[in-house]
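Here is the file start22.txt (compact mmCIF, C-alpha atoms and all ligand atoms).
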# COMPACT_ATOMS: atom_id res chain seq x y z
CA MET A 1 -13.65 63.93 46.95
CA SER A 2 -13.82 66.11 50.04
CA HIS A 3 -13.70 64.46 53.43
CA ASN A 4 -15.32 66.15 56.40
CA LEU A 5 -15.13 63.90 59.43
CA TYR A 6 -15.94 64.39 63.10
CA VAL A 7 -14.09 61.83 65.24
CA LYS A 8 -15.67 61.79 68.68
CA ASN A 9 -15.48 59.82 71.91
CA ILE A 10 -11.67 59.54 71.79
CA GLY A 11 -10.14 58.12 74.99
CA LYS A 12 -6.77 59.82 74.57
CA VAL A 13 -4.94 61.66 71.80
CA ALA A 14 -1.16 61.17 71.79
CA THR A 15 1.09 62.95 69.30
CA PRO A 16 4.50 64.53 68.85
CA LYS A 17 4.28 68.16 67.71
CA GLY A 18 5.98 70.37 65.19
CA ASN A 19 7.09 70.59 61.59
CA LYS A 20 10.49 68.98 61.79
CA ALA A 21 12.27 65.94 63.16
CA ILE A 22 12.60 65.75 66.94
CA HIS A 23 16.10 65.00 68.21
CA GLY A 24 17.20 63.16 71.33
CA LYS A 25 15.22 62.71 74.50
CA ALA A 26 12.57 65.22 73.42
CA MET A 27 11.34 62.38 71.19
CA GLY A 28 9.72 61.00 74.37
CA GLU A 29 7.72 64.16 75.13
CA LEU A 30 4.37 63.55 73.53
CA ASP A 31 1.47 65.93 73.65
CA ILE A 32 -1.30 64.06 75.49
CA LEU A 33 -4.94 65.08 75.46
CA MET A 34 -7.22 63.13 77.78
CA GLY A 35 -10.70 62.22 76.59
CA PRO A 36 -13.45 62.55 75.88
CA ALA A 37 -11.66 64.26 72.99
CA ALA A 38 -12.59 65.01 69.42
CA ILE A 39 -10.85 65.71 66.12
CA VAL A 40 -12.48 67.43 63.16
CA ILE A 41 -11.13 66.95 59.65
CA ARG A 42 -12.36 69.29 56.92
CA ASP A 43 -11.45 68.78 53.27
CA GLY A 44 -8.91 66.24 54.43
CA ILE A 45 -7.13 68.68 56.77
CA ILE A 46 -7.27 68.72 60.59
CA ALA A 47 -9.44 71.67 61.65
CA TYR A 48 -9.90 70.97 65.38
CA VAL A 49 -8.22 68.88 68.10
CA GLY A 50 -9.50 69.26 71.64
CA LYS A 51 -12.13 68.44 74.19
CA GLU A 52 -15.24 66.93 72.69
CA SER A 53 -17.42 69.30 74.69
CA GLU A 54 -15.70 72.29 73.07
CA ALA A 55 -15.79 71.16 69.44
CA PRO A 56 -17.15 74.17 67.46
CA GLY A 57 -20.63 73.50 66.08
CA ASP A 58 -19.98 75.21 62.75
CA LEU A 59 -17.02 72.89 62.10
CA ILE A 60 -18.91 69.68 62.78
CA GLN A 61 -22.32 70.40 61.34
CA ASP A 62 -21.94 68.74 57.92
CA CYS A 63 -19.40 66.10 58.96
CA ALA A 64 -19.68 62.34 58.84
CA VAL A 65 -19.44 61.13 62.45
CA TYR A 66 -16.98 58.47 63.59
CA ASP A 67 -17.26 57.14 67.15
CA ALA A 68 -13.82 56.08 68.47
CA GLN A 69 -15.56 54.24 71.35
CA GLY A 70 -13.02 55.41 73.90
CA GLY A 71 -10.03 54.22 71.86
CA ALA A 72 -6.78 56.17 71.73
CA VAL A 73 -5.88 58.12 68.59
CA VAL A 74 -2.33 58.62 67.27
CA PRO A 75 -1.02 60.10 64.00
CA GLY A 76 -1.05 57.90 60.89
CA PHE A 77 2.13 55.87 60.72
CA VAL A 78 4.78 56.83 58.18
CA ASP A 79 6.76 53.85 56.90
CA SER A 80 9.69 55.85 55.55
CA HIS A 81 11.70 52.96 54.03
CA THR A 82 10.22 50.22 51.85
CA HIS A 83 11.22 48.35 48.70
CA LEU A 84 7.54 47.88 47.94
CA VAL A 85 7.64 47.02 44.24
CA PHE A 86 9.34 43.75 43.29
CA GLY A 87 8.87 40.57 41.31
CA GLY A 88 9.06 37.07 42.79
CA PHE A 89 10.08 35.96 46.26
CA ARG A 90 13.19 34.53 47.96
CA GLU A 91 11.81 31.96 50.37
CA GLU A 92 14.62 29.48 49.64
CA GLU A 93 17.25 32.11 50.42
CA PHE A 94 15.60 32.67 53.78
CA GLN A 95 15.94 28.93 54.54
CA MET A 96 19.64 29.14 53.55
CA ARG A 97 20.10 31.97 56.01
CA LEU A 98 18.35 29.96 58.71
CA ARG A 99 20.97 27.26 58.08
CA GLY A 100 23.76 29.81 58.55
CA ALA A 101 24.52 31.40 55.15
CA SER A 102 25.15 35.14 55.40
CA TYR A 103 23.24 37.83 53.48
CA MET A 104 26.39 39.04 51.73
CA SER A 105 27.59 35.53 50.77
CA ILE A 106 24.24 34.85 49.08
CA MET A 107 24.47 38.23 47.32
CA GLN A 108 28.05 37.58 46.16
CA ALA A 109 27.03 34.15 44.81
CA GLY A 110 24.53 35.85 42.49
CA GLY A 111 21.42 35.43 44.63
CA GLY A 112 19.94 38.17 46.77
CA ILE A 113 19.13 41.45 45.07
CA ALA A 114 20.20 39.99 41.67
CA SER A 115 17.58 37.26 41.85
CA THR A 116 14.80 39.76 42.61
CA THR A 117 16.11 41.95 39.77
CA LYS A 118 15.72 39.05 37.33
CA ALA A 119 12.14 38.42 38.50
CA THR A 120 11.29 42.13 38.42
CA ARG A 121 12.61 42.55 34.88
CA GLU A 122 10.33 39.69 33.83
CA ALA A 123 7.21 41.10 35.53
CA SER A 124 4.62 43.37 33.90
CA VAL A 125 3.37 46.65 35.32
CA GLU A 126 0.08 44.94 36.19
CA GLU A 127 1.77 42.04 38.00
CA LEU A 128 4.03 44.36 39.99
CA GLU A 129 1.10 46.59 40.89
CA ALA A 130 -1.07 43.69 42.05
CA ALA A 131 1.75 42.28 44.19
CA ALA A 132 2.39 45.66 45.84
CA GLN A 133 -1.34 46.15 46.50
CA VAL A 134 -1.32 43.10 48.77
CA HIS A 135 1.34 44.70 50.99
CA LEU A 136 -0.31 48.11 50.95
CA ARG A 137 -3.63 46.65 52.10
CA ALA A 138 -1.91 45.00 55.05
CA MET A 139 0.00 48.20 55.83
CA LEU A 140 -3.19 50.28 55.80
CA SER A 141 -4.80 47.85 58.23
CA MET A 142 -1.82 48.40 60.58
CA GLY A 143 -2.22 52.19 60.51
CA VAL A 144 0.20 53.21 57.78
CA THR A 145 -1.03 56.30 55.92
CA THR A 146 2.18 57.28 54.08
CA ALA A 147 5.04 55.11 52.84
CA ASP A 148 8.28 55.44 50.98
CA ALA A 149 8.63 53.12 47.97
CA LYS A 150 11.93 52.53 46.23
CA SER A 151 12.92 51.33 42.80
CA GLY A 152 16.18 49.39 42.54
CA TYR A 153 15.18 45.94 41.32
CA GLY A 154 15.44 46.98 37.67
CA MET A 155 18.91 48.41 37.44
CA ASP A 156 18.35 49.21 33.79
CA LEU A 157 16.53 52.20 32.35
CA GLU A 158 13.43 50.34 31.28
CA THR A 159 12.80 48.39 34.47
CA GLU A 160 13.67 51.22 36.84
CA LEU A 161 11.13 53.39 35.02
CA ARG A 162 8.60 50.53 35.14
CA GLN A 163 8.97 50.18 38.91
CA LEU A 164 8.54 53.91 39.38
CA GLU A 165 5.56 53.92 37.05
CA VAL A 166 3.98 51.22 39.24
CA ILE A 167 4.49 53.48 42.26
CA GLN A 168 2.81 56.31 40.36
CA ARG A 169 -0.15 54.06 39.51
CA LEU A 170 -0.43 52.86 43.12
CA GLN A 171 -0.63 56.49 44.15
CA LYS A 172 -4.04 56.57 42.44
CA SER A 173 -5.30 53.02 43.01
CA GLN A 174 -5.11 52.81 46.83
CA PRO A 175 -5.21 55.25 49.77
CA ILE A 176 -1.67 55.19 51.25
CA ALA A 177 0.32 58.23 50.05
CA LEU A 178 3.60 57.15 48.51
CA HIS A 179 7.01 58.82 48.45
CA ALA A 180 8.88 57.58 45.38
CA THR A 181 12.61 57.01 45.78
CA PHE A 182 14.91 56.14 42.87
CA MET A 183 17.36 53.46 44.00
CA GLY A 184 19.03 52.33 40.80
CA ALA A 185 22.23 52.18 42.87
CA HIS A 186 21.02 49.15 44.82
CA ASP A 187 23.71 46.82 43.42
CA THR A 188 25.71 46.54 40.19
CA PRO A 189 23.66 44.65 37.56
CA PRO A 190 25.13 41.73 35.57
CA GLU A 191 25.62 43.95 32.48
CA PHE A 192 28.12 46.04 34.47
CA LYS A 193 29.73 43.22 36.45
CA GLY A 194 33.06 44.41 37.87
CA ARG A 195 32.41 47.94 36.56
CA SER A 196 30.45 49.56 39.36
CA THR A 197 31.89 53.03 38.61
CA ASP A 198 30.69 52.76 35.00
CA TYR A 199 27.27 51.76 36.30
CA ILE A 200 27.12 54.86 38.53
CA GLU A 201 28.02 56.96 35.46
CA TYR A 202 25.21 55.25 33.52
CA LEU A 203 22.77 56.14 36.29
CA VAL A 204 23.98 59.75 36.35
CA GLN A 205 24.05 60.26 32.57
CA THR A 206 21.13 58.16 31.39
CA VAL A 207 18.70 57.06 34.09
CA LEU A 208 18.48 59.95 36.59
CA PRO A 209 17.70 62.59 33.92
CA GLU A 210 14.88 60.41 32.57
CA VAL A 211 13.45 59.83 36.06
CA LYS A 212 13.60 63.56 36.63
CA SER A 213 12.02 64.63 33.36
CA ARG A 214 9.15 62.17 33.86
CA ARG A 215 8.79 63.29 37.51
CA LEU A 216 8.78 59.69 38.68
CA ALA A 217 10.73 60.15 41.93
CA GLU A 218 11.55 62.94 44.34
CA CYS A 219 14.42 61.24 46.15
CA CYS A 220 17.58 59.30 45.26
CA ASP A 221 18.99 56.51 47.46
CA ILE A 222 22.13 54.32 47.30
CA PHE A 223 23.44 51.17 49.02
CA THR A 224 26.75 52.47 50.39
CA GLU A 225 28.46 49.37 51.69
CA GLU A 226 31.77 47.54 51.46
CA GLY A 227 31.72 45.56 48.22
CA VAL A 228 28.68 47.44 46.85
CA PHE A 229 29.28 51.21 46.40
CA ASP A 230 32.07 53.17 48.06
CA HIS A 231 32.22 56.78 49.24
CA GLU A 232 33.51 58.17 45.97
CA GLN A 233 30.73 56.52 43.97
CA THR A 234 28.18 57.66 46.54
CA ARG A 235 29.36 61.25 46.29
CA ARG A 236 29.26 61.15 42.50
CA LEU A 237 25.69 59.87 42.38
CA LEU A 238 24.20 61.89 45.22
CA ASN A 239 25.87 65.17 44.24
CA ALA A 240 24.56 64.73 40.69
CA ALA A 241 21.10 63.85 42.01
CA ARG A 242 21.04 66.90 44.26
CA ALA A 243 22.03 69.12 41.34
CA MET A 244 19.01 67.76 39.43
CA GLY A 245 16.69 68.59 42.32
CA PHE A 246 16.35 65.23 44.05
CA THR A 247 16.39 64.90 47.82
CA LEU A 248 18.84 62.27 49.08
CA LYS A 249 18.89 59.11 51.17
CA MET A 250 21.53 56.52 51.92
CA HIS A 251 21.58 52.87 53.06
CA ALA A 252 24.47 53.31 55.46
CA ASP A 253 26.57 51.19 57.82
CA GLU A 254 24.29 48.16 57.45
CA ILE A 255 26.72 45.24 57.28
CA VAL A 256 30.12 46.69 58.26
CA PRO A 257 31.13 50.07 59.74
CA PHE A 258 31.81 52.13 56.61
CA GLY A 259 31.55 55.80 57.59
CA GLY A 260 28.15 55.97 55.90
CA ALA A 261 26.43 58.01 58.61
CA GLU A 262 29.15 60.67 58.47
CA LEU A 263 28.90 60.84 54.69
CA ALA A 264 25.09 61.06 54.78
CA ALA A 265 25.28 63.98 57.23
CA GLU A 266 27.93 65.72 55.11
CA LEU A 267 25.90 65.36 51.92
CA GLY A 268 22.73 66.63 53.63
CA CYS A 269 20.71 63.44 53.16
CA LEU A 270 17.15 63.45 54.49
CA SER A 271 18.03 60.20 56.22
CA ALA A 272 20.74 57.60 56.75
CA ASP A 273 19.13 54.18 57.00
CA HIS A 274 19.97 50.89 58.77
CA LEU A 275 23.01 52.04 60.85
CA LEU A 276 23.46 48.68 62.58
CA GLN A 277 27.22 49.30 62.50
CA ILE A 278 27.26 53.07 63.08
CA SER A 279 30.40 54.41 64.81
CA GLU A 280 30.66 56.95 67.65
CA LYS A 281 31.70 59.53 65.08
CA GLY A 282 28.70 58.63 62.95
CA ILE A 283 26.37 59.14 65.91
CA ALA A 284 27.89 62.57 66.60
CA ALA A 285 27.66 63.51 62.92
CA LEU A 286 23.94 62.65 62.73
CA ALA A 287 23.18 64.31 66.07
CA ASN A 288 24.61 67.57 64.73
CA SER A 289 22.84 67.41 61.38
CA ASN A 290 19.33 67.47 59.95
CA THR A 291 19.76 63.89 58.70
CA VAL A 292 17.28 61.50 60.33
CA ALA A 293 18.67 58.17 61.59
CA THR A 294 16.20 55.66 60.17
CA LEU A 295 16.34 52.34 61.99
CA LEU A 296 14.87 49.14 60.57
CA PRO A 297 14.54 46.69 63.46
CA CYS A 298 12.72 43.99 61.48
CA THR A 299 15.76 43.72 59.18
CA ALA A 300 18.15 43.18 62.08
CA PHE A 301 15.69 40.63 63.48
CA SER A 302 15.33 38.85 60.16
CA LEU A 303 19.11 38.81 59.53
CA LYS A 304 19.81 37.79 63.15
CA ALA A 305 22.11 40.82 63.28
CA ALA A 306 22.83 43.13 66.22
CA TYR A 307 20.25 45.93 66.45
CA ALA A 308 21.20 49.52 65.75
CA PRO A 309 22.23 51.30 68.97
CA ALA A 310 19.01 53.31 69.18
CA ARG A 311 19.27 54.15 72.89
CA LYS A 312 22.76 55.55 72.48
CA MET A 313 21.73 57.46 69.39
CA ILE A 314 18.76 59.08 71.12
CA ASP A 315 20.78 59.80 74.28
CA ASN A 316 23.36 61.53 72.09
CA GLY A 317 20.83 63.71 70.31
CA CYS A 318 20.02 61.91 67.05
CA ALA A 319 16.56 62.17 65.49
CA VAL A 320 15.52 58.52 65.11
CA ALA A 321 12.84 57.19 62.77
CA VAL A 322 11.69 53.57 62.67
CA ALA A 323 10.59 51.95 59.40
CA SER A 324 10.02 48.49 57.95
CA ASP A 325 12.47 48.05 55.02
CA LEU A 326 9.86 45.74 53.45
CA ASN A 327 11.67 43.79 50.72
CA PRO A 328 11.77 40.17 49.52
CA GLY A 329 15.27 39.50 50.90
CA SER A 330 16.61 40.97 54.12
CA CYS A 331 13.17 41.69 55.58
CA PHE A 332 9.95 40.32 54.15
CA SER A 333 7.73 42.19 56.58
CA ALA A 334 6.00 45.53 56.95
CA SER A 335 4.65 44.69 60.38
CA ILE A 336 4.09 47.76 62.52
CA PRO A 337 3.36 45.62 65.63
CA LEU A 338 6.64 43.72 65.20
CA MET A 339 8.74 46.83 64.66
CA TYR A 340 7.09 48.58 67.61
CA ASP A 341 7.96 45.68 69.89
CA LEU A 342 11.51 45.24 68.59
CA ALA A 343 12.17 48.96 69.04
CA CYS A 344 10.93 48.88 72.63
CA ILE A 345 12.17 45.46 73.74
CA TYR A 346 15.48 45.13 71.91
CA MET A 347 16.51 48.66 70.97
CA GLY A 348 15.72 50.25 74.34
CA MET A 349 13.29 52.83 73.00
CA THR A 350 10.28 53.93 75.04
CA ALA A 351 6.73 53.63 73.74
CA GLU A 352 6.69 57.43 73.38
CA GLU A 353 9.96 57.62 71.45
CA THR A 354 8.81 54.82 69.16
CA LEU A 355 5.59 56.69 68.42
CA THR A 356 7.57 59.79 67.43
CA ALA A 357 9.93 57.60 65.37
CA LEU A 358 7.00 56.11 63.43
CA THR A 359 5.18 59.39 62.85
CA LEU A 360 6.82 62.84 62.88
CA ASN A 361 10.41 61.63 62.46
CA GLY A 362 9.33 59.23 59.71
CA ALA A 363 7.63 62.17 58.01
CA ALA A 364 10.86 64.22 58.30
CA ALA A 365 12.80 61.31 56.78
CA ILE A 366 10.78 61.77 53.58
CA GLY A 367 10.69 65.56 53.73
CA ARG A 368 7.01 65.84 54.69
CA ALA A 369 7.08 66.87 58.36
CA ASP A 370 5.37 70.13 57.45
CA ARG A 371 2.28 68.25 56.22
CA ILE A 372 2.00 64.97 58.14
CA GLY A 373 3.36 63.11 61.18
CA SER A 374 1.44 64.83 63.98
CA ILE A 375 -2.12 65.62 64.99
CA GLU A 376 -2.26 69.39 64.73
CA VAL A 377 -4.59 71.87 63.09
CA GLY A 378 -3.46 72.41 59.48
CA LYS A 379 -1.85 69.00 59.05
CA GLU A 380 -3.38 66.28 56.88
CA GLY A 381 -6.17 64.27 58.47
CA ASP A 382 -4.19 61.04 58.87
CA LEU A 383 -5.07 59.22 62.09
CA VAL A 384 -4.96 55.80 63.67
CA VAL A 385 -7.80 54.84 66.01
CA LEU A 386 -6.75 52.08 68.41
CA GLY A 387 -8.93 49.42 69.96
CA TYR A 388 -7.45 50.27 73.38
CA PRO A 389 -7.57 53.46 75.45
CA CYS A 390 -3.83 54.26 75.41
CA TYR A 391 -1.01 54.36 72.83
CA LYS A 392 1.09 52.29 75.27
CA PHE A 393 -0.84 49.21 74.10
CA LEU A 394 1.11 49.53 70.82
CA SER A 395 4.17 48.23 72.67
CA TYR A 396 2.40 46.17 75.31
CA HIS A 397 0.07 44.01 73.20
CA ILE A 398 2.87 41.94 71.72
CA GLY A 399 2.79 41.39 67.98
CA MET A 400 -0.92 42.16 67.75
CA ASN A 401 -2.54 44.60 65.39
CA ILE A 402 -4.62 46.81 67.69
CA VAL A 403 -5.64 49.25 64.97
CA HIS A 404 -9.40 49.69 64.97
CA SER A 405 -9.49 52.05 61.98
CA THR A 406 -7.05 53.98 59.84
CA ILE A 407 -8.14 57.44 58.72
CA LYS A 408 -6.45 58.88 55.64
CA GLY A 409 -7.25 62.48 54.75
CA GLY A 410 -10.58 62.11 56.55
CA ALA A 411 -11.56 58.82 54.82
CA VAL A 412 -12.14 55.91 57.20
CA TYR A 413 -10.74 52.40 56.57
CA THR A 414 -11.93 50.18 59.35
CA ASN A 415 -10.71 46.78 60.55
CA HIS A 416 -13.62 46.59 62.92
CA ILE A 417 -16.46 44.21 62.24
CA ASP A 418 -19.55 45.06 64.27
O1 LIG A 501 17.60 47.63 52.71
N1 LIG A 501 20.54 46.69 51.79
C1 LIG A 501 20.09 46.71 50.67
N2 LIG A 501 18.81 46.67 50.31
C2 LIG A 501 17.76 46.08 51.04
C3 LIG A 501 17.67 44.62 50.82
C4 LIG A 501 17.27 44.31 49.47
C5 LIG A 501 17.16 42.86 49.18
O2 LIG A 501 17.78 41.99 49.84
O3 LIG A 501 16.43 42.57 48.22
C6 LIG A 501 17.81 46.47 52.48
O4 LIG A 501 18.04 45.64 53.38
FE FE A 502 16.39 49.05 52.28
Could I get this file's structure written as structure tokens?
Ligand code: NIG
Ligand code: FE
Amino acid sequence: MSHNLYVKNIGKVATPKGNKAIHGKAMGELDILMGPAAIVIRDGIIAYVGKESEAPGDLIQDCAVYDAQGGAVVPGFVDSHTHLVFGGFREEEFQMRLRGASYMSIMQAGGGIASTTKATREASVEELEAAAQVHLRAMLSMGVTTADAKSGYGMDLETELRQLEVIQRLQKSQPIALHATFMGAHDTPPEFKGRSTDYIEYLVQTVLPEVKSRRLAECCDIFTEEGVFDHEQTRRLLNAARAMGFTLKMHADEIVPFGGAELAAELGCLSADHLLQISEKGIAALANSNTVATLLPCTAFSLKAAYAPARKMIDNGCAVAVASDLNPGSCFSASIPLMYDLACIYMGMTAEETLTALTLNGAAAIGRADRIGSIEVGKEGDLVVLGYPCYKFLSYHIGMNIVHSTIKGGAVYTNHID
């Protein structure tokens, strides 16, 4: 299906620019185009961004017309870290945490990731797909046009492949573009209890090659954390994954300072994620690398943990992305309004930096900054039309979804009821 769309009557276009992650304070330097502005999308690709009065007639002649009614337009949001596909829920565990139990104590007692793994192993492809669809619909309504989706609740060959197959099916059954990440190394499953190194070997020898040959994921992620997987195990898995052609990601420095950021930079990961406990050295390592620092403020909020030091990271030259971490345990939310507010109010980021973090830097964190993440001619036609005239309302209108319509590759998905 080809999508030719003429978006007119735009109050303001706000976007970062470029084909790679933006580091440091430059994250706050958006390109602003005052309205009345227009954007033309042809065959799903942006063909014009500029004054409405100067939109070339030949480009717009056969386009569907969308009136933004003076609303601001920003790039489609990229949620670069989700555990989208899972069975069951953990609402009781959340109540335990409210009463003071820690995330790791629940995990060590056999709950946490292990309980979702049990439920995921018992779920069919259809059940997993239907459950994920619910989240994707909500995400689309909040302006998300691309999202990462991880496996990691199977932790055996069959269920890891099933989760990734669900992601592949979702790719075709709904509009949000998905980036599939293999995360078999999410925890050590019961079959390998006390033998985490053997489990890593199993992933390297048996699971990764199968994921690769079926082309079910482009990226490989691992939970590098005290008591989960150490540096040596991380190196073994990620070096093997890189050799097979996967890009790399790492859950790093989430619960205790563990040198994860430094290791992610050294291994050339696309991103190091969480970083609540990042050290000074870790900040310097990321600032001097191409590894994006992906921060997940809703997880810190949900765990009542200290937020990642975003301000310090940006001031020291890191490229920061913000993502949801949607999962049934540490963060059962994919709320763009919540993460926008937490980033601005509790992590000291500006509205401009947060926009870059949710668009171009998110795109870089999944290796797609050349195609998405900004509103520029030649990039994919992924836009968010707001119900207010300025992107600043994304931070200011607390916890509210101000998305009027989400445009994916020129197709319009509207929240607006006339
Ligand atoms: O990113 N840290 C590990 N993984 C997830 C949580 C997964 C879960 O609790 O089910 C995270 O927070
Ligand atoms: Fe995660």
Q) For Cys220 in chain A, which of A:Leu237, A:Ala321, A:Leu248, A:Leu33 is the closest residue, counting only C-alpha atoms? A)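 Between A:Leu237, A:Ala321, A:Leu248, A:Leu33, the residue approaching Cys220 in chain A most closely is A:Leu248.
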Select the residues contacting ligand LIG 501 (chain A) at a distance of at most 6 Å, based on only C-alpha atoms and all ligand atoms, then format the selection as a PDB file with C-alpha atoms, keeping the file's coordinate frame.
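This is the output file pocket_4.pdb:
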ATOM      1  CA  GLY A 112      19.940  38.170  46.770  1.00  0.00           C
ATOM      2  CA  ILE A 113      19.130  41.450  45.070  1.00  0.00           C
ATOM      3  CA  PHE A 223      23.440  51.170  49.020  1.00  0.00           C
ATOM      4  CA  ASP A 325      12.470  48.050  55.020  1.00  0.00           C
ATOM      5  CA  ASN A 327      11.670  43.790  50.720  1.00  0.00           C
ATOM      6  CA  PRO A 328      11.770  40.170  49.520  1.00  0.00           C
ATOM      7  CA  GLY A 329      15.270  39.500  50.900  1.00  0.00           C
ATOM      8  CA  SER A 330      16.610  40.970  54.120  1.00  0.00           C
TER       9      SER A 330
END
Close residues, range 275-280 of chain A itself excluded, 10 Å, all atoms listed in the file, min 2 positions apart in chain, as a PDB file with C-alpha atoms, in the coordinates of the input:
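The result, stored in part26.pdb:
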ATOM      1  CA  HIS A 251      21.580  52.870  53.060  1.00  0.00           C
ATOM      2  CA  ALA A 252      24.470  53.310  55.460  1.00  0.00           C
ATOM      3  CA  ASP A 253      26.570  51.190  57.820  1.00  0.00           C
ATOM      4  CA  GLU A 254      24.290  48.160  57.450  1.00  0.00           C
ATOM      5  CA  ILE A 255      26.720  45.240  57.280  1.00  0.00           C
ATOM      6  CA  VAL A 256      30.120  46.690  58.260  1.00  0.00           C
ATOM      7  CA  PRO A 257      31.130  50.070  59.740  1.00  0.00           C
ATOM      8  CA  PHE A 258      31.810  52.130  56.610  1.00  0.00           C
ATOM      9  CA  GLY A 259      31.550  55.800  57.590  1.00  0.00           C
ATOM     10  CA  GLY A 260      28.150  55.970  55.900  1.00  0.00           C
ATOM     11  CA  ALA A 261      26.430  58.010  58.610  1.00  0.00           C
ATOM     12  CA  GLU A 262      29.150  60.670  58.470  1.00  0.00           C
ATOM     13  CA  ALA A 272      20.740  57.600  56.750  1.00  0.00           C
ATOM     14  CA  ASP A 273      19.130  54.180  57.000  1.00  0.00           C
ATOM     15  CA  GLY A 282      28.700  58.630  62.950  1.00  0.00           C
ATOM     16  CA  ILE A 283      26.370  59.140  65.910  1.00  0.00           C
ATOM     17  CA  ALA A 284      27.890  62.570  66.600  1.00  0.00           C
ATOM     18  CA  ALA A 285      27.660  63.510  62.920  1.00  0.00           C
ATOM     19  CA  ALA A 293      18.670  58.170  61.590  1.00  0.00           C
ATOM     20  CA  THR A 294      16.200  55.660  60.170  1.00  0.00           C
ATOM     21  CA  LEU A 295      16.340  52.340  61.990  1.00  0.00           C
ATOM     22  CA  LEU A 296      14.870  49.140  60.570  1.00  0.00           C
ATOM     23  CA  PRO A 297      14.540  46.690  63.460  1.00  0.00           C
ATOM     24  CA  THR A 299      15.760  43.720  59.180  1.00  0.00           C
ATOM     25  CA  ALA A 300      18.150  43.180  62.080  1.00  0.00           C
ATOM     26  CA  ALA A 305      22.110  40.820  63.280  1.00  0.00           C
ATOM     27  CA  ALA A 306      22.830  43.130  66.220  1.00  0.00           C
ATOM     28  CA  TYR A 307      20.250  45.930  66.450  1.00  0.00           C
ATOM     29  CA  ALA A 308      21.200  49.520  65.750  1.00  0.00           C
ATOM     30  CA  PRO A 309      22.230  51.300  68.970  1.00  0.00           C
ATOM     31  CA  ALA A 310      19.010  53.310  69.180  1.00  0.00           C
ATOM     32  CA  LYS A 312      22.760  55.550  72.480  1.00  0.00           C
ATOM     33  CA  MET A 313      21.730  57.460  69.390  1.00  0.00           C
ATOM     34  CA  ASN A 316      23.360  61.530  72.090  1.00  0.00           C
TER      35      ASN A 316
END
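Here CA of Glu129 in chain A stands at a distance of 9.6 Å from CA of Leu84 in chain A.
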Q: Do a neighbour search on Lys212 in chain A at 10 Å with all atoms listed in the file, toss out local chain neighbours closer than 4 positions, and write the hits as a list in words.
A: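 Result of the neighbour search: Phe182, Val207, Leu208, Leu216, Ala217, Glu218, Cys219, Ala241, Met244, Gly245 and Phe246 of chain A.
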**Q.** Å distance separating CA of Asn288 in chain A from CA of Gly317 in chain A, one decimal place
**A.**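 Pair CA of Asn288 in chain A / CA of Gly317 in chain A returns 7.8 Å.
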Q | One-decimal distance in Å that lies between CA of Ala26 in chain A and CA of Glu52 in chain A | A |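 These two atoms are separated by 27.9 Å.
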Q: Rank A:Val125, A:Ile222, A:Met400, A:Leu161 by their smallest atom-to-atom distance to ligand FE 502 (chain A), using all atoms listed in the file, and report the top residue only.
A: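 Of A:Val125, A:Ile222, A:Met400, A:Leu161, the one nearest ligand FE 502 (chain A), counting all atoms listed in the file, is A:Ile222.
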Q | Selected residue, from A:Cys331, A:Met27, A:Ile39, A:Leu203, that lies nearest to Thr234 in chain A when counting all atoms listed in the file | A | A:Leu203
Q: Using all atoms listed in the file, find all polymer residues with an atom at most 12 Å away from the point (-8.0, 68.2, 54.1); report them as a ChimeraX atom specification.
A: /A:1-5,40-48,371-372,377-382,407-411
Q) Of the candidates A:His231, A:Arg236, A:Arg90, A:Lys249, which shows the shortest atom-to-atom distance to ligand FE 502 (chain A), using only C-alpha atoms and all ligand atoms? A) A:Lys249
Q: Would you list the residues near (4.5, 43.5, 38.0) (no more than 10 Å away, in the coordinates of the file, using only C-alpha atoms) as a list of chain:residue names?
A: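 Here is the list of nearby residues: A:Val85, A:Phe86, A:Gly87, A:Gly88, A:Ala119, A:Thr120, A:Arg121, A:Glu122, A:Ala123, A:Ser124, A:Val125, A:Glu126, A:Glu127, A:Leu128, A:Glu129, A:Ala130, A:Ala131, A:Ala132, A:Arg162, A:Gln163, A:Val166.
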Q) Between A:Thr15, A:Thr414, A:Ser115, A:Ser324, which has the minimum distance to ligand FE 502 (chain A) (counting only C-alpha atoms and all ligand atoms)? A)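 For ligand FE 502 (chain A), the nearest of the given residues is A:Ser324.
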Q: Choose the residue, out of A:Met347, A:Asp341, A:Ala114, A:Leu360, that has the smallest atom-to-atom separation from His397 in chain A; count only C-alpha atoms.
A: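 Under the stated criterion, the closest residue is A:Asp341.
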